[in-house]
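So the structure is just underneath, and the comments pick up after that.
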Number of protein chains: 2
Amino acid sequence: MANEKKIDCVILGLLSHEELTGYEIKKRMDTSLKYFWNASYGSIYPALNDLVNRGLATRREDGKSKRNKLIYSITDEGRHYLKKWLILPVEKDEFRCETLLKLFFGNEQGAEHAISHIEAFERKIAKELPYLLRAEETLNACLEEDTSHIYYLLTVEFGIKTYQTYLEWCKEAKEFLKEQRA
Amino acid sequence: MANEKKIDCVILGLLSHEELTGYEIKKRMDTSLKYFWNASYGSIYPALNDLVNRGLATRREDGKSKRNKLIYSITDEGRHYLKKWLILPVEKDEFRCETLLKLFFGNEQGAEHAISHIEAFERKIAKELPYLLRAEETLNACLEEDTSHIYYLLTVEFGIKTYQTYLEWCKEAKEFLKEQRA
DNA sequence: ATTATAATATATCAATATGATATACTATAC
DNA sequence: GTATAGTATATCATATTGATATATTATAAT
């Protein structure tokens, strides 16, 4: 039981709220979950087949669409599996930052290049922060509607706080490098 | 040229400072780089063989040790490869947080379980922060010694700031959940 | 002195995941 | 009417993890 694949759990988590196609699951990953999780089609589609084979999800064709559209739903066993995973202790949280990696070896190419990497990181974060702030506003406005929103809001707050910290660090790091250069 | 494997670049980066064995490379990953990068033996040893085959590193046996100890050094081509990679724009920074994932689906099991996960995360971060603070002190004390230290310090500062932010968020998130429960 | 334990060191492999690509349909904008 | 963007599924070579195997050496305990 200790070998729950994360991709299975995320998919079941998403399906526990609503029926979805593989494509829609990927979209959720790229928007709501983006700030702390992601997955590729190459893991989503095989996982969906696997979940159906194991009876944790069911698949049906969309009658309304002429498209080869497959809609997935969670089963009772699937919900049971998800719930079991949710109370297990977290195995690993991972931060893999290529920007910091390049910065760590920054001495090899000097302050100018390091500053460029920091600025690119800064731009990326500054661009994403507004989406999180908007999500915070939206969720705060309809917090009572659905108890799930409390949990969504907590992850959004995490994103906002860390992104703001990243931006602070960018500012300080650039100043530090410019001082050192002088 | 666009396909630089990250594992090759990290290893070359570490070798650009000093000769190392595969085992020592893994140790560096688990200490200095831990806060923003990691790799397993299963990627380090094959990558080392590959780097030697491509002429980016050389391997020699340690004469002083009876152990099957292989010491790796960077070559000029290796250093050139590293430098080229260092100025390329960052492709991806990734945060993959199982704690936030479980929290996102927290409604399924309720506030008690969510608080448990937050507390476990809090303990883990609180345990690691002192190492970063000590590294900061050490680096500040010998900043002039080696210009590399500037860059090491920047990554340590990033770690400290984000870890402190994580701890703040943990406190607030717990309070929020306790309020909601009441 | 002997034994147990922890640390050093390399290597392999099944299970997984990524990132890229292929294919094709549908809605919309011009 | 036709180009473009979005929707939708699928596959595959390559890369990575996490676990495991094996063996040596240093240190601590008895």
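Ordering of the structure tokens sets the chain letters (A, B, ...); residue numbers start at 1 within each chain; ligands are numbered from 1 in the order shown.
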
Any chance you could tabulate, as a Markdown table, the residues of chain B at most 8 Å from chain A with each one's nearest atom pair and distance in Å to one decimal, using only C-alpha atoms, in chain and rising number order?
| residue | atom | partner | partner_atom | distance |
| --- | --- | --- | --- | --- |
| B:Val10 | CA | A:Leu101 | CA | 7.6 |
| B:Gly13 | CA | A:Phe105 | CA | 6.2 |
| B:Leu33 | CA | A:Leu101 | CA | 7.9 |
| B:Tyr35 | CA | A:Phe95 | CA | 7.0 |
| B:Phe36 | CA | A:Arg96 | CA | 4.9 |
| B:Trp37 | CA | A:Arg96 | CA | 5.0 |
| B:Asn38 | CA | A:Arg96 | CA | 7.5 |
| B:Lys83 | CA | A:Gln109 | CA | 6.7 |
| B:Leu86 | CA | A:Lys102 | CA | 5.9 |
| B:Ile87 | CA | A:His113 | CA | 6.3 |
| B:Pro89 | CA | A:His117 | CA | 6.9 |
| B:Val90 | CA | A:Thr99 | CA | 6.0 |
| B:Glu91 | CA | A:Glu98 | CA | 7.4 |
| B:Lys92 | CA | A:Glu98 | CA | 6.3 |
| B:Asp93 | CA | A:Cys97 | CA | 4.4 |
| B:Glu94 | CA | A:Arg96 | CA | 5.0 |
| B:Phe95 | CA | A:Phe95 | CA | 4.5 |
| B:Arg96 | CA | A:Phe36 | CA | 4.9 |
| B:Cys97 | CA | A:Asp93 | CA | 4.4 |
| B:Glu98 | CA | A:Asp93 | CA | 5.5 |
| B:Thr99 | CA | A:Val90 | CA | 6.0 |
| B:Leu100 | CA | A:Thr155 | CA | 6.1 |
| B:Leu101 | CA | A:Phe36 | CA | 7.2 |
| B:Lys102 | CA | A:Leu86 | CA | 5.8 |
| B:Leu103 | CA | A:Tyr151 | CA | 6.1 |
| B:Phe104 | CA | A:Tyr151 | CA | 5.3 |
| B:Phe105 | CA | A:Gly13 | CA | 6.2 |
| B:Gly106 | CA | A:Tyr151 | CA | 6.0 |
| B:Asn107 | CA | A:Ser148 | CA | 5.1 |
| B:Glu108 | CA | A:Lys83 | CA | 6.8 |
| B:Gln109 | CA | A:Lys83 | CA | 6.7 |
| B:His113 | CA | A:Ile87 | CA | 6.3 |
| B:His117 | CA | A:Pro89 | CA | 6.9 |
| B:Thr147 | CA | A:Asn107 | CA | 6.6 |
| B:Ser148 | CA | A:Asn107 | CA | 5.1 |
| B:Tyr151 | CA | A:Phe104 | CA | 5.3 |
| B:Tyr152 | CA | A:Phe104 | CA | 5.4 |
| B:Leu154 | CA | A:Ala173 | CA | 6.4 |
| B:Thr155 | CA | A:Leu100 | CA | 6.1 |
| B:Glu157 | CA | A:Trp169 | CA | 7.7 |
| B:Phe158 | CA | A:Trp169 | CA | 6.3 |
| B:Lys161 | CA | A:Thr165 | CA | 6.8 |
| B:Thr162 | CA | A:Thr162 | CA | 6.3 |
| B:Thr165 | CA | A:Thr162 | CA | 6.4 |
| B:Tyr166 | CA | A:Thr162 | CA | 7.3 |
| B:Trp169 | CA | A:Phe158 | CA | 6.3 |
| B:Ala173 | CA | A:Leu154 | CA | 6.4 |

Inset, instruction - Would you mind writing down, as an MDAnalysis selection string, each residue of range 3-88 of chain B that DSSP on the backbone assigns to helix (DSSP H, G or I)? - result: chainID B and resid 6:15 22:30 41:53 76:87

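Any residue of chain A with an atom within 8 Å of chain D counts; using only C-alpha atoms (C1' of nucleotides), that gives Gly22, Tyr23, Tyr45, Arg67, Asn68 and Lys69 of chain A.
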
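Within 8 Å of chain C, counting only C-alpha atoms (C1' of nucleotides), chain A contributes Ser40, Gly42, Ser43 and Arg67 of chain A.
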
Please write the residues from the selection above to a file, keeping C-alpha atoms, as an mmCIF file, in the first residue's frame.
data_model
loop_
_atom_site.group_PDB
_atom_site.id
_atom_site.type_symbol
_atom_site.label_atom_id
_atom_site.label_comp_id
_atom_site.auth_asym_id
_atom_site.auth_seq_id
_atom_site.Cartn_x
_atom_site.Cartn_y
_atom_site.Cartn_z
ATOM 1 C CA SER A 40 2.790 15.585 -18.763
ATOM 2 C CA GLY A 42 2.880 10.983 -21.195
ATOM 3 C CA SER A 43 2.033 10.221 -17.586
ATOM 4 C CA ARG A 67 -14.840 13.810 -31.221
#

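Per DSSP on the backbone, strand (DSSP E or B) in range 58-144 of chain A comprises Thr58, Arg59, Arg60, Glu61, Leu70, Ile71, Tyr72, Ser73, Ile74, Asp93, Glu94, Phe95, Arg96 and Cys97 of chain A.
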